[in-house]
Every structure is written in structure tokens, then in C-alpha cells.
>>> print(open('final-v4.txt').read())   # compact mmCIF, C-alpha atoms
# COMPACT_ATOMS: atom_id res chain seq x y z
CA MET K 1 -0.92 -1.76 -32.94
CA ASN K 2 2.39 -2.74 -34.54
CA ILE K 3 2.80 -5.78 -32.30
CA PRO K 4 5.13 -8.20 -34.13
CA ARG K 5 3.84 -11.64 -34.97
CA SER K 6 5.32 -14.43 -32.92
CA ASN K 7 5.28 -18.20 -32.68
CA CYS K 8 4.87 -17.80 -28.93
CA PRO K 9 1.38 -17.73 -27.40
CA ARG K 10 0.11 -14.17 -27.00
CA ILE K 11 -1.14 -13.24 -23.54
CA ILE K 12 -2.92 -9.90 -23.31
CA ILE K 13 -3.25 -8.27 -19.90
CA ILE K 14 -5.80 -5.46 -19.53
CA GLY K 15 -4.78 -3.23 -16.64
CA GLY K 16 -1.49 -2.26 -15.02
CA GLY K 17 -2.63 -2.36 -11.39
CA PHE K 18 -1.34 -4.61 -8.63
CA GLY K 19 -2.61 -7.78 -10.30
CA GLY K 20 -1.42 -6.94 -13.81
CA VAL K 21 2.08 -5.91 -12.70
CA SER K 22 2.46 -9.04 -10.52
CA LEU K 23 1.47 -11.21 -13.48
CA VAL K 24 3.93 -9.45 -15.81
CA GLU K 25 6.78 -10.06 -13.37
CA LYS K 26 5.84 -13.74 -13.06
CA LEU K 27 5.86 -14.22 -16.84
CA SER K 28 9.07 -12.24 -17.37
CA LYS K 29 11.35 -15.19 -18.14
CA LYS K 30 8.87 -17.41 -19.95
CA ASP K 31 8.60 -18.14 -23.67
CA VAL K 32 5.43 -16.14 -24.29
CA GLN K 33 4.47 -12.85 -25.92
CA VAL K 34 2.90 -10.50 -23.37
CA VAL K 35 0.97 -7.36 -24.33
CA LEU K 36 -0.02 -5.01 -21.52
CA LEU K 37 -2.83 -2.54 -22.26
CA ASP K 38 -3.79 0.38 -20.02
CA LYS K 39 -5.40 3.78 -20.50
CA ASN K 40 -2.61 5.27 -18.35
CA ASN K 41 1.11 4.77 -18.84
CA TYR K 42 1.72 4.36 -15.12
CA HIS K 43 0.89 2.09 -12.21
CA THR K 44 -0.84 3.81 -9.27
CA PHE K 45 -0.25 2.90 -5.64
CA GLN K 46 -3.86 3.51 -4.65
CA PRO K 47 -3.52 3.13 -0.84
CA LEU K 48 -1.71 6.48 -0.73
CA LEU K 49 -4.04 8.47 -2.99
CA TYR K 50 -5.52 10.22 0.03
CA GLN K 51 -2.08 11.70 0.78
CA VAL K 52 -1.99 13.23 -2.69
CA SER K 53 -5.46 14.68 -2.06
CA THR K 54 -4.34 16.28 1.20
CA GLY K 55 -0.97 17.62 0.00
CA GLY K 56 1.21 15.07 1.80
CA LEU K 57 2.70 13.63 -1.39
CA GLU K 58 3.09 14.60 -5.01
CA PRO K 59 1.45 12.22 -7.50
CA ASP K 60 4.71 11.13 -9.14
CA SER K 61 5.85 9.58 -5.84
CA ILE K 62 3.03 7.00 -5.91
CA ALA K 63 3.07 6.37 -9.67
CA TYR K 64 5.46 4.17 -11.62
CA PRO K 65 5.91 4.02 -15.44
CA LEU K 66 4.52 0.79 -16.85
CA ARG K 67 7.11 0.75 -19.60
CA LYS K 68 9.77 0.69 -16.90
CA VAL K 69 8.16 -2.47 -15.49
CA LEU K 70 8.80 -4.16 -18.87
CA ILE K 71 12.43 -3.04 -19.28
CA GLY K 72 14.69 -6.03 -19.82
CA TYR K 73 11.85 -8.44 -20.60
CA ASP K 74 11.99 -10.01 -24.07
CA ASN K 75 8.82 -10.20 -26.16
CA PHE K 76 6.91 -7.85 -23.82
CA PHE K 77 4.96 -4.87 -25.16
CA PHE K 78 2.94 -2.00 -23.73
CA ARG K 79 0.30 0.01 -25.57
CA LEU K 80 -1.48 3.07 -24.25
CA ALA K 81 -5.08 2.21 -25.02
CA GLU K 82 -8.51 1.71 -23.52
CA VAL K 83 -10.24 -1.57 -24.31
CA THR K 84 -13.78 -0.84 -25.52
CA GLU K 85 -15.07 -4.35 -26.22
CA ILE K 86 -14.12 -8.00 -25.86
CA LEU K 87 -15.06 -10.22 -28.82
CA ALA K 88 -14.70 -13.55 -27.04
CA GLU K 89 -15.90 -15.72 -29.95
CA LYS K 90 -13.26 -14.21 -32.27
CA LYS K 91 -10.61 -13.98 -29.51
CA MET K 92 -10.24 -10.29 -30.37
CA LEU K 93 -10.21 -6.99 -28.51
CA LYS K 94 -11.49 -3.65 -29.73
CA THR K 95 -9.50 -0.72 -28.35
CA THR K 96 -9.18 3.01 -28.89
CA ILE K 97 -6.12 2.38 -31.10
CA GLY K 98 -7.35 -0.62 -33.08
CA GLU K 99 -8.05 -4.33 -32.79
CA ILE K 100 -5.77 -7.09 -31.53
CA SER K 101 -6.09 -10.87 -31.23
CA TYR K 102 -5.11 -12.99 -28.25
CA ASP K 103 -4.49 -16.58 -27.29
CA TYR K 104 -5.12 -15.93 -23.62
CA LEU K 105 -6.75 -12.86 -22.10
CA VAL K 106 -6.32 -11.62 -18.53
CA ILE K 107 -8.73 -8.96 -17.26
CA ALA K 108 -7.16 -6.94 -14.45
CA THR K 109 -9.14 -3.72 -14.82
CA GLY K 110 -9.62 -3.26 -11.07
CA SER K 111 -12.52 -1.30 -9.66
CA GLU K 112 -14.20 2.08 -9.87
CA THR K 113 -16.27 4.19 -7.51
CA ASN K 114 -19.75 2.80 -6.93
CA PHE K 115 -22.45 5.45 -6.60
CA PHE K 116 -25.13 2.76 -6.51
CA GLY K 117 -27.03 4.26 -9.43
CA ASN K 118 -27.42 7.72 -7.86
CA ASP K 119 -26.74 10.07 -10.77
CA GLU K 120 -26.96 13.21 -8.64
CA LEU K 121 -24.26 11.97 -6.26
CA GLU K 122 -22.09 10.89 -9.17
CA LYS K 123 -22.39 14.37 -10.71
CA HIS K 124 -21.62 16.46 -7.62
CA ALA K 125 -19.59 14.27 -5.25
CA MET K 126 -15.81 13.90 -5.43
CA ALA K 127 -14.32 10.44 -6.00
CA MET K 128 -10.77 9.42 -5.13
CA LYS K 129 -9.86 6.32 -7.12
CA THR K 130 -7.32 7.78 -9.55
CA ILE K 131 -4.49 10.30 -9.48
CA PRO K 132 -6.42 12.89 -11.56
CA GLN K 133 -9.37 12.58 -9.16
CA SER K 134 -7.04 13.05 -6.18
CA LEU K 135 -5.52 16.15 -7.76
CA ASN K 136 -9.02 17.51 -8.39
CA LEU K 137 -9.89 16.97 -4.74
CA ARG K 138 -6.66 18.63 -3.58
CA SER K 139 -7.38 21.68 -5.73
CA LEU K 140 -10.97 21.87 -4.54
CA ILE K 141 -9.99 21.70 -0.86
CA LEU K 142 -7.49 24.53 -1.25
CA GLU K 143 -9.77 26.59 -3.49
CA ASN K 144 -12.52 26.36 -0.89
CA PHE K 145 -10.33 28.04 1.71
CA GLU K 146 -9.22 30.68 -0.76
CA GLN K 147 -12.88 31.35 -1.56
CA ALA K 148 -13.77 31.44 2.14
CA LEU K 149 -11.42 34.41 2.52
CA LEU K 150 -13.37 36.37 -0.06
CA THR K 151 -16.86 36.14 1.39
CA ASP K 152 -18.49 38.09 4.22
CA ASP K 153 -21.37 35.63 4.40
CA TYR K 154 -20.88 33.39 7.44
CA HIS K 155 -23.19 30.70 6.08
CA GLU K 156 -21.29 30.51 2.80
CA ARG K 157 -17.95 30.53 4.64
CA ASP K 158 -18.99 27.65 6.88
CA ALA K 159 -20.18 25.63 3.87
CA LEU K 160 -16.82 26.15 2.17
CA MET K 161 -14.97 24.92 5.27
CA ASN K 162 -17.29 21.99 5.90
CA PHE K 163 -16.13 18.61 4.58
CA VAL K 164 -18.32 15.52 4.42
CA ILE K 165 -16.75 12.12 3.77
CA VAL K 166 -19.16 9.28 3.07
CA GLY K 167 -17.83 5.82 3.85
CA GLY K 168 -16.17 4.50 7.00
CA GLY K 169 -13.72 2.11 5.35
CA PRO K 170 -9.93 2.62 5.29
CA THR K 171 -10.14 5.32 2.61
CA GLY K 172 -12.71 7.40 4.48
CA VAL K 173 -11.01 6.97 7.85
CA GLU K 174 -7.55 7.87 6.55
CA LEU K 175 -8.81 10.88 4.60
CA ALA K 176 -10.76 12.18 7.60
CA GLY K 177 -7.69 11.86 9.82
CA ALA K 178 -5.49 13.67 7.30
CA LEU K 179 -7.96 16.55 6.91
CA ALA K 180 -8.23 16.87 10.70
CA GLU K 181 -4.46 17.19 10.97
CA ILE K 182 -4.44 19.86 8.25
CA LYS K 183 -7.09 21.79 10.18
CA LYS K 184 -5.07 21.54 13.37
CA GLY K 185 -1.52 22.18 12.20
CA ILE K 186 -1.49 23.83 8.79
CA LEU K 187 -4.59 25.95 8.19
CA PRO K 188 -3.95 28.36 11.11
CA LYS K 189 -0.51 29.15 9.64
CA ASP K 190 -1.63 29.38 6.00
CA TYR K 191 -4.82 31.36 6.72
CA PRO K 192 -4.18 33.53 9.81
CA ASP K 193 -6.95 35.92 8.70
CA LEU K 194 -9.54 33.13 8.57
CA ASP K 195 -11.19 31.50 11.58
CA THR K 196 -10.26 27.96 10.60
CA ARG K 197 -11.56 26.66 13.94
CA ARG K 198 -14.98 26.67 12.29
CA ALA K 199 -13.83 24.10 9.72
CA GLN K 200 -15.64 20.78 10.16
CA ILE K 201 -14.74 17.26 9.10
CA ASN K 202 -17.73 14.90 9.10
CA LEU K 203 -17.36 11.18 8.51
CA VAL K 204 -20.68 9.52 7.61
CA GLN K 205 -20.99 5.74 7.85
CA GLY K 206 -24.08 3.78 6.83
CA GLY K 207 -23.32 0.92 9.24
CA ASP K 208 -23.00 0.77 13.00
CA ARG K 209 -19.17 0.88 13.07
CA LEU K 210 -16.13 2.01 11.13
CA LEU K 211 -13.68 -0.34 9.38
CA ASN K 212 -16.16 -3.20 9.03
CA ALA K 213 -13.51 -5.52 7.59
CA MET K 214 -11.36 -5.20 10.71
CA SER K 215 -11.86 -6.28 14.32
CA GLU K 216 -14.28 -4.49 16.62
CA LYS K 217 -11.34 -3.35 18.75
CA ALA K 218 -9.66 -1.73 15.75
CA SER K 219 -12.96 -0.15 14.75
CA LYS K 220 -13.55 1.31 18.20
CA LYS K 221 -9.98 2.57 18.50
CA ALA K 222 -10.08 4.21 15.07
CA GLU K 223 -13.25 6.05 16.07
CA GLU K 224 -11.59 7.22 19.29
CA PHE K 225 -8.57 8.47 17.36
CA LEU K 226 -10.79 10.41 14.96
CA GLU K 227 -12.80 12.01 17.73
CA GLU K 228 -9.55 13.05 19.45
CA LEU K 229 -8.62 14.83 16.23
CA GLY K 230 -11.96 16.63 16.15
CA VAL K 231 -13.68 14.57 13.46
CA GLN K 232 -17.44 14.21 13.85
CA VAL K 233 -18.39 10.58 13.24
CA TRP K 234 -21.97 9.86 12.19
CA LYS K 235 -22.94 6.16 12.22
CA ASN K 236 -26.10 4.47 10.92
CA VAL K 237 -26.64 7.42 8.58
CA ARG K 238 -27.19 6.88 4.86
CA VAL K 239 -26.71 9.71 2.37
CA THR K 240 -29.49 9.91 -0.21
CA SER K 241 -28.67 13.01 -2.25
CA TYR K 242 -26.26 15.88 -2.80
CA ASP K 243 -27.01 18.73 -5.19
CA GLY K 244 -23.60 20.38 -4.85
CA LYS K 245 -24.72 22.34 -1.81
CA THR K 246 -26.86 20.29 0.60
CA VAL K 247 -26.26 16.70 1.70
CA ARG K 248 -29.47 14.93 2.62
CA THR K 249 -29.75 11.64 4.48
CA LYS K 250 -32.46 9.14 5.39
CA THR K 251 -32.68 10.87 8.77
CA ASP K 252 -33.35 14.52 9.58
CA LEU K 253 -29.61 15.18 9.46
CA THR K 254 -28.40 17.45 6.63
CA PHE K 255 -25.07 19.10 5.84
CA GLU K 256 -24.34 22.32 3.98
CA THR K 257 -21.02 21.73 2.26
CA ALA K 258 -19.03 22.56 -0.85
CA THR K 259 -17.14 19.26 -0.66
CA LEU K 260 -18.62 15.78 -0.45
CA VAL K 261 -16.08 12.97 -0.86
CA TRP K 262 -17.65 9.64 -1.80
CA ALA K 263 -15.74 6.67 -0.37
CA ALA K 264 -18.75 4.45 0.30
CA GLY K 265 -18.04 1.64 -2.10
CA VAL K 266 -16.47 0.31 -5.27
CA LYS K 267 -17.55 -1.97 -8.10
CA GLY K 268 -15.73 -3.94 -10.75
CA ALA K 269 -14.63 -2.00 -13.83
CA THR K 270 -16.21 -4.21 -16.49
CA ILE K 271 -15.71 -4.13 -20.26
CA LYS K 272 -18.38 -4.43 -22.92
CA GLY K 273 -18.65 -7.98 -24.17
CA LEU K 274 -18.36 -9.57 -20.74
CA ASP K 275 -20.74 -7.26 -18.93
CA ALA K 276 -23.97 -9.20 -19.37
CA LYS K 277 -26.05 -9.47 -16.21
CA GLU K 278 -25.92 -13.25 -16.24
CA LEU K 279 -22.12 -13.04 -16.05
CA MET K 280 -22.00 -10.60 -13.16
CA ALA K 281 -21.50 -11.52 -9.50
CA ALA K 282 -21.92 -9.33 -6.41
CA GLY K 283 -20.23 -5.95 -6.77
CA ASN K 284 -20.38 -5.98 -10.58
CA ARG K 285 -17.53 -8.49 -10.71
CA LEU K 286 -16.75 -11.39 -13.04
CA PRO K 287 -17.28 -14.81 -11.44
CA VAL K 288 -14.15 -16.97 -11.70
CA ASN K 289 -13.26 -20.52 -10.67
CA GLU K 290 -10.40 -21.53 -8.37
CA PHE K 291 -7.93 -20.99 -11.25
CA ASN K 292 -9.19 -17.46 -11.98
CA GLN K 293 -10.82 -18.58 -15.23
CA VAL K 294 -13.93 -16.54 -16.01
CA VAL K 295 -16.89 -18.90 -15.72
CA GLY K 296 -17.82 -20.15 -19.18
CA TYR K 297 -14.42 -19.43 -20.78
CA GLU K 298 -11.21 -21.46 -20.81
CA ASP K 299 -8.98 -18.79 -22.35
CA ILE K 300 -10.19 -15.72 -20.41
CA PHE K 301 -9.01 -15.04 -16.88
CA ALA K 302 -9.75 -12.30 -14.34
CA ILE K 303 -7.72 -11.25 -11.31
CA GLY K 304 -7.93 -8.62 -8.59
CA ASP K 305 -10.95 -6.44 -7.86
CA ILE K 306 -12.77 -7.41 -11.03
CA ALA K 307 -12.66 -11.13 -10.13
CA CYS K 308 -15.16 -12.76 -7.76
CA MET K 309 -13.96 -16.17 -6.60
CA GLN K 310 -16.78 -17.51 -4.44
CA THR K 311 -15.89 -20.19 -1.92
CA GLU K 312 -17.22 -21.33 1.47
CA ASP K 313 -14.79 -18.94 3.16
CA THR K 314 -15.40 -16.11 0.70
CA PRO K 315 -19.06 -16.24 -0.43
CA ASN K 316 -18.79 -12.67 -1.79
CA GLY K 317 -15.33 -13.12 -3.25
CA HIS K 318 -12.01 -11.94 -1.87
CA PRO K 319 -11.56 -8.42 -0.47
CA MET K 320 -11.16 -5.76 -3.14
CA MET K 321 -7.68 -4.80 -1.93
CA ALA K 322 -4.08 -5.00 -3.13
CA GLN K 323 -3.04 -8.31 -1.54
CA PRO K 324 -5.61 -10.58 -3.24
CA ALA K 325 -4.72 -8.96 -6.59
CA ILE K 326 -0.98 -9.46 -6.08
CA GLN K 327 -1.39 -13.07 -4.98
CA GLN K 328 -3.80 -13.91 -7.80
CA GLY K 329 -1.43 -12.35 -10.34
CA ARG K 330 1.45 -14.51 -9.14
CA ASN K 331 -0.65 -17.66 -9.02
CA LEU K 332 -2.07 -17.06 -12.49
CA GLY K 333 1.44 -16.53 -13.86
CA GLU K 334 2.37 -20.00 -12.67
CA ASN K 335 -0.86 -21.47 -14.01
CA LEU K 336 -0.46 -19.99 -17.49
CA ILE K 337 2.93 -21.67 -17.75
CA ARG K 338 1.44 -24.91 -16.46
CA LEU K 339 -1.35 -24.59 -19.02
CA LEU K 340 1.13 -24.16 -21.87
CA ASP K 341 3.18 -27.11 -20.60
CA GLY K 342 0.12 -29.34 -20.36
CA LYS K 343 0.32 -29.62 -16.58
CA PRO K 344 -2.63 -29.44 -14.15
CA LEU K 345 -3.49 -25.99 -12.81
CA LYS K 346 -2.87 -24.96 -9.22
CA PRO K 347 -5.92 -23.68 -7.29
CA PHE K 348 -5.62 -20.22 -5.79
CA GLU K 349 -5.32 -20.03 -2.00
CA TYR K 350 -5.51 -16.60 -0.45
CA LYS K 351 -3.12 -15.94 2.43
CA ASP K 352 -4.63 -13.18 4.51
CA LYS K 353 -1.78 -11.04 5.80
CA GLY K 354 -4.08 -8.77 7.77
CA SER K 355 -5.51 -5.27 7.48
CA MET K 356 -4.41 -1.86 8.69
CA ALA K 357 -5.39 1.78 8.55
CA THR K 358 -3.76 4.99 9.71
CA VAL K 359 -5.79 7.70 11.40
CA GLY K 360 -3.14 10.39 11.56
CA ARG K 361 0.16 11.21 13.19
CA ASN K 362 1.22 8.39 15.54
CA LYS K 363 -2.23 6.82 15.21
CA ALA K 364 -3.02 3.60 13.34
CA VAL K 365 -4.76 0.26 13.82
CA CYS K 366 -3.38 -3.10 12.67
CA ASP K 367 -5.05 -6.50 12.52
CA LEU K 368 -2.35 -8.97 11.52
CA LYS K 369 -2.78 -12.73 11.34
CA ASN K 370 -2.04 -13.54 14.97
CA ILE K 371 -1.82 -10.14 16.63
CA ARG K 372 -3.80 -6.92 16.86
CA PHE K 373 -2.42 -3.61 18.05
CA GLN K 374 -3.05 0.12 17.82
CA GLY K 375 -1.25 3.39 18.37
CA VAL K 376 2.31 4.50 17.62
CA PHE K 377 3.77 1.05 16.91
CA ALA K 378 0.90 0.28 14.53
CA TRP K 379 1.61 3.57 12.77
CA PHE K 380 5.26 2.61 12.18
CA VAL K 381 4.23 -0.84 10.95
CA TRP K 382 1.73 0.80 8.55
CA MET K 383 4.48 3.06 7.15
CA PHE K 384 6.96 0.18 6.72
CA VAL K 385 4.42 -2.04 4.91
CA HIS K 386 3.38 0.73 2.51
CA LEU K 387 7.00 1.63 1.74
CA PHE K 388 7.78 -2.05 1.09
CA PHE K 389 4.98 -2.48 -1.45
CA LEU K 390 5.67 0.74 -3.36
CA ILE K 391 7.12 -0.01 -6.80
CA GLY K 392 10.48 1.61 -7.52
CA PHE K 393 13.45 2.53 -5.32
CA ARG K 394 13.04 6.24 -6.09
CA ASN K 395 9.41 6.22 -5.00
CA ARG K 396 10.29 4.56 -1.70
CA VAL K 397 13.01 7.12 -1.01
CA VAL K 398 10.85 10.11 -1.98
CA VAL K 399 7.89 8.95 0.11
CA PHE K 400 10.11 8.15 3.09
CA VAL K 401 11.83 11.56 2.94
CA ASN K 402 8.45 13.31 2.62
CA TRP K 403 7.07 11.43 5.61
CA VAL K 404 10.12 12.23 7.75
CA TYR K 405 9.97 15.91 6.75
CA ASN K 406 6.23 16.13 7.36
CA TYR K 407 6.63 14.44 10.73
CA VAL K 408 9.46 16.70 11.92
CA ARG K 409 8.06 19.96 10.55
CA PHE K 410 4.37 19.05 10.91
CA ASP K 411 3.88 20.31 7.36
CA ARG K 412 2.54 19.26 3.95
CA GLU K 413 4.57 20.96 1.25
CA ALA K 414 2.50 19.69 -1.68
CA ARG K 415 -0.56 21.84 -0.96
CA LEU K 416 -0.45 23.32 -4.44
CA ILE K 417 -3.25 24.16 -6.86
CA ILE K 418 -1.51 22.82 -9.96
CA ARG K 419 -4.66 22.83 -12.04
CA PRO K 420 -7.81 24.57 -10.77
CA PHE K 421 -10.93 22.51 -10.29
CA LYS K 422 -13.87 24.58 -11.51
CA ARG K 423 -16.78 24.83 -9.08
CA ASP K 424 -19.70 27.27 -9.07
CA TYR K 425 -19.78 28.90 -5.64
CA SER K 426 -22.71 31.23 -6.31
CA GLN K 427 -25.27 28.72 -5.03
CA PHE K 428 -23.89 29.00 -1.50
CA LYS K 429 -25.04 32.62 -1.31
CA ASP K 430 -28.72 31.59 -1.49
>>> encode(input="final-v4.txt", output="C-alpha cells")
Amino acid sequence: MNIPRSNCPRIIIIGGGFGGVSLVEKLSKKDVQVVLLDKNNYHTFQPLLYQVSTGGLEPDSIAYPLRKVLIGYDNFFFRLAEVTEILAEKKMLKTTIGEISYDYLVIATGSETNFFGNDELEKHAMAMKTIPQSLNLRSLILENFEQALLTDDYHERDALMNFVIVGGGPTGVELAGALAEIKKGILPKDYPDLDTRRAQINLVQGGDRLLNAMSEKASKKAEEFLEELGVQVWKNVRVTSYDGKTVRTKTDLTFETATLVWAAGVKGATIKGLDAKELMAAGNRLPVNEFNQVVGYEDIFAIGDIACMQTEDTPNGHPMMAQPAIQQGRNLGENLIRLLDGKPLKPFEYKDKGSMATVGRNKAVCDLKNIRFQGVFAWFVWMFVHLFFLIGFRNRVVVFVNWVYNYVRFDREARLIIRPFKRDYSQFKD
């Protein structure tokens, strides 16, 4: 990999997400050699992926070059590579560009979409965990409407304009709200020769309420907001199959649709070598102690979505969201320095700063530490918080300008099919 040898301890970080970037910044002025490995050369601000999917933002406004994160840091290196195996006994990593040794290893690989072993759903449903996946979904949404213009078959046309989103968490709720606003304000202008009133947005939730991680008041309000926008919310309905045309559930309810978006769950993105069943905790995550050390290893750590720190307060680990990853990255940075200095490690304590979700224009729900509120003010708070946590001044400015423009003009300029997503539409004519 052409990483120079050094007398400093080598710390390898796998993953440039929220946890990995926070750790890099914490180690920036310390006497260590840091190697950051990622299969992409950019950090993704995942909470805004749904806006890329719906044409509200371009992908470069929520991505930040990882090499730029390391600018000005001595003895820091980035390599574009995917780690294929961890050889813990040899303290080595196998990657797509070669092998590399480490003194300390930090796994910050995040999470991936969990289809719960359903191969058919994984094959035909659309995921939205990465920028390429979001671009695929954006292309598919727009292509469906273009295709709907070309058919005289009402059944096929309805299927092309029918969207089913599975999962009532923040991702599903925010995507449903964004699609509903597109149906209301943009489609009639873009497709005047198409009866876009027949377009449907269905949000399917397996449980009895939306936004399970938030308060019941926020859940109820979010559902009200969605219904005001014309979204059909289906609760206590579990999807069992989707063949690319028909969505089947455990009830008699079925949907004919060309687009099923799967937002029903995530699991840890494990790496061969530490993926044995006896090592796994709930959600396919690596069990760690209060110092984020992987159980059974003193020199391997895990942070963020991939880490499961089970305590009395968090029997299933911390939420798989940005804040736990950021806080664990910062705490681990301090602990690695303490470890090298021979000082006792500092246990991780999660400070819950609350949860929030936007449901559309002037509509959001916020559950902060000591206060809960909904509506316009919550929407402004949601925007401020997301702007604050974006990496890079340019990204903050671009996103802010886009939001202001979209709000004033009620428009989404990024509804572009940059790269077509190939889908066989012939089955909808049956």
C-alpha cells in the first residue's frame, strides 16, 4: 500500500462514516500513524440521502472528500480499498489492494440494509443506504413517470405511479413526505398530459405506530402530517414478498407497483474474520465493552452502527444513528491516547440529544432532551441541526441555498436522470 514505516503506533480505521471521521479528528494532533481505509473516497451524510433520491439535492452536496478530512494532519494516510478479511492473530488486514499490518484496529464500517434473509426482496426492492443507491432510486422514480406517458394500459400506468415504502422509521417517513410533496407540487407541472392525481404513496409499517424510537405524540403527529399530504399509512402490515410487480403481505392486502423502497431495517456491515456467529450480537453487530473494545480482543475496537454496547439502559446497544457514532469516535480517540500513555481508559457514556424527523414542508417532529414539539418550529430546528452537522462549509452553503430556493419556488431542480436505472416494464402488461 506504500504506507511508510514509522516508529509511531499504527492505528487503522476501517470506514469513513460519522464514527471514523470523528476519530480521525480526535487523533489529528497525536503522535500516531493513522491509516483510513474506505471503499469510497468520500464521507456521506446519510440523513439527507432521501433528498438526493427525490431530486431535492445533488449528491455532491451531502458528500465530502475523505482526503480533505486528512489535509494538514501529519502521519495520516488514506487508501481507497475494501477490507476483505481481518487476520486478528497476525494483526493483519487483507484488502482489495493488498495486505497491511496494524497495532490497533478500529472497525467503523457502519450498517447496511437488512432484508432479513429474503432474497426475493433483496433482488427487486430498492435500498437507500448509499449515494449510488439513492441515484438509482431517483432515476427509477423519474423513469416510471416517463414510462407511464407511453402506455395506454391503465393498470400498467397505475403500477408505474404507485410507490410502496416499507418501514415507518425516520427514513421511510421522510421519503414518503418528500414523494407526496413531489406529487402535489411538481408532477402536475412536469407531466401536464398525465393524470398524476392517480399516483399513490403507500407507507407500510410492521408495528402499530410510526417512529417507534420517538414519543407517541411525535408518532401520532407524523402520521397526521403524512395523511394531510395524501400518504396512505398501513400499520400492522408485514411485507412477505415482492417479485418486481406485486407486493404481498401477511394479510390479504397486496400492491401492484414498479417501485418498492425497503427502509424496514439495517444490520451491521461485518467483515470476514470477525463475523462468526458466536461474536455477533443483535442486529449482526460486534459486541463491545464500555471502552468500545470488541469482546475477546484488546487491540480491536468497534464504533458506530457496527458496535453493540449492551448495558442496563441499552440492552440492544445504542441506536444505529449518527450521534452515538460521533460520540463513540471522540471517546475512543481519547482512550487510544490514554492507552498509549499507560493511563486507565474512560468508559463511554452516551448523551442522548434527542430525535427528529421531517415530514415535508413546514412539518417536522422533534423529541429533544427536555422538550417535545411539532410543526413549523420543529421543521426549522431540523434544518438547523442538519446544516450544523454537515461536513464542509461549501456543503452547508449549497444545501442551505437549495433549501431556500426549493422553499420559495416550491421546486426540486435536481430531478435529473443522470444515469438510467434499467428495469423491465413488460411484466406490468400481464
>>> closest_atom_pairs(input="final-v4.txt", of="range 24-107 of chain K", to="range 136-140 of chain K", cutoff="12 Å", atoms="all atoms listed in the file", output="tab-separated table")
residue	atom	partner	partner_atom	distance
K:Leu49	CA	K:Leu137	CA	10.5
K:Tyr50	CA	K:Arg138	CA	9.2
K:Gln51	CA	K:Arg138	CA	9.4
K:Val52	CA	K:Arg138	CA	7.2
K:Ser53	CA	K:Arg138	CA	4.4
K:Thr54	CA	K:Arg138	CA	5.8
K:Gly55	CA	K:Arg138	CA	6.8
K:Gly56	CA	K:Arg138	CA	10.2
K:Leu57	CA	K:Arg138	CA	10.8
K:Glu58	CA	K:Arg138	CA	10.6
K:Pro59	CA	K:Arg138	CA	11.1
>>> residues_near_point(input="final-v4.txt", point="(-10.6, -11.8, -11.0)", cutoff="10 Å", atoms="only C-alpha atoms", output="PyMOL selection string")
chain K and resi 19+106-110+268+285-289+291-294+301-309+317-318+320+324-325+328-329
>>> residues_around(input="final-v4.txt", residues="Asp352 in chain K", least_positions_apart="3", cutoff="10 Å", atoms="only C-alpha atoms", output="number ranges by chain")
K: 318-319, 323-324, 349, 355, 368-369
>>> residues_around(input="final-v4.txt", residues="Glu174 in chain K", least_positions_apart="2", cutoff="10 Å", atoms="only C-alpha atoms", output="MDAnalysis selection string")
chainID K and resid 47:48 50:51 168:172 176:180 222 226 357:360 364
>>> write_last_selection(input="final-v4.txt", atoms="C-alpha atoms", output="compact mmCIF listing (two decimals), in the coordinates of the input")
# COMPACT_ATOMS: atom_id res chain seq x y z
CA PRO K 47 -3.52 3.13 -0.84
CA LEU K 48 -1.71 6.48 -0.73
CA TYR K 50 -5.52 10.22 0.03
CA GLN K 51 -2.08 11.70 0.78
CA GLY K 168 -16.17 4.50 7.00
CA GLY K 169 -13.72 2.11 5.35
CA PRO K 170 -9.93 2.62 5.29
CA THR K 171 -10.14 5.32 2.61
CA GLY K 172 -12.71 7.40 4.48
CA ALA K 176 -10.76 12.18 7.60
CA GLY K 177 -7.69 11.86 9.82
CA ALA K 178 -5.49 13.67 7.30
CA LEU K 179 -7.96 16.55 6.91
CA ALA K 180 -8.23 16.87 10.70
CA ALA K 222 -10.08 4.21 15.07
CA LEU K 226 -10.79 10.41 14.96
CA ALA K 357 -5.39 1.78 8.55
CA THR K 358 -3.76 4.99 9.71
CA VAL K 359 -5.79 7.70 11.40
CA GLY K 360 -3.14 10.39 11.56
CA ALA K 364 -3.02 3.60 13.34
>>> closest_residue(input="final-v4.txt", among="K:Ile418, K:Thr249, K:Gln374, K:Ala258", to="Asn144 in chain K", atoms="only C-alpha atoms")
K:Ala258
>>> closest_residue(input="final-v4.txt", among="K:Asp152, K:Asp275, K:Asp119, K:Asp60", to="Ala88 in chain K", atoms="all atoms listed in the file")
K:Asp275
>>> atom_distance(input="final-v4.txt", atom1="CA of Thr246 in chain K", atom2="CA of Ala199 in chain K")
16.4 Å
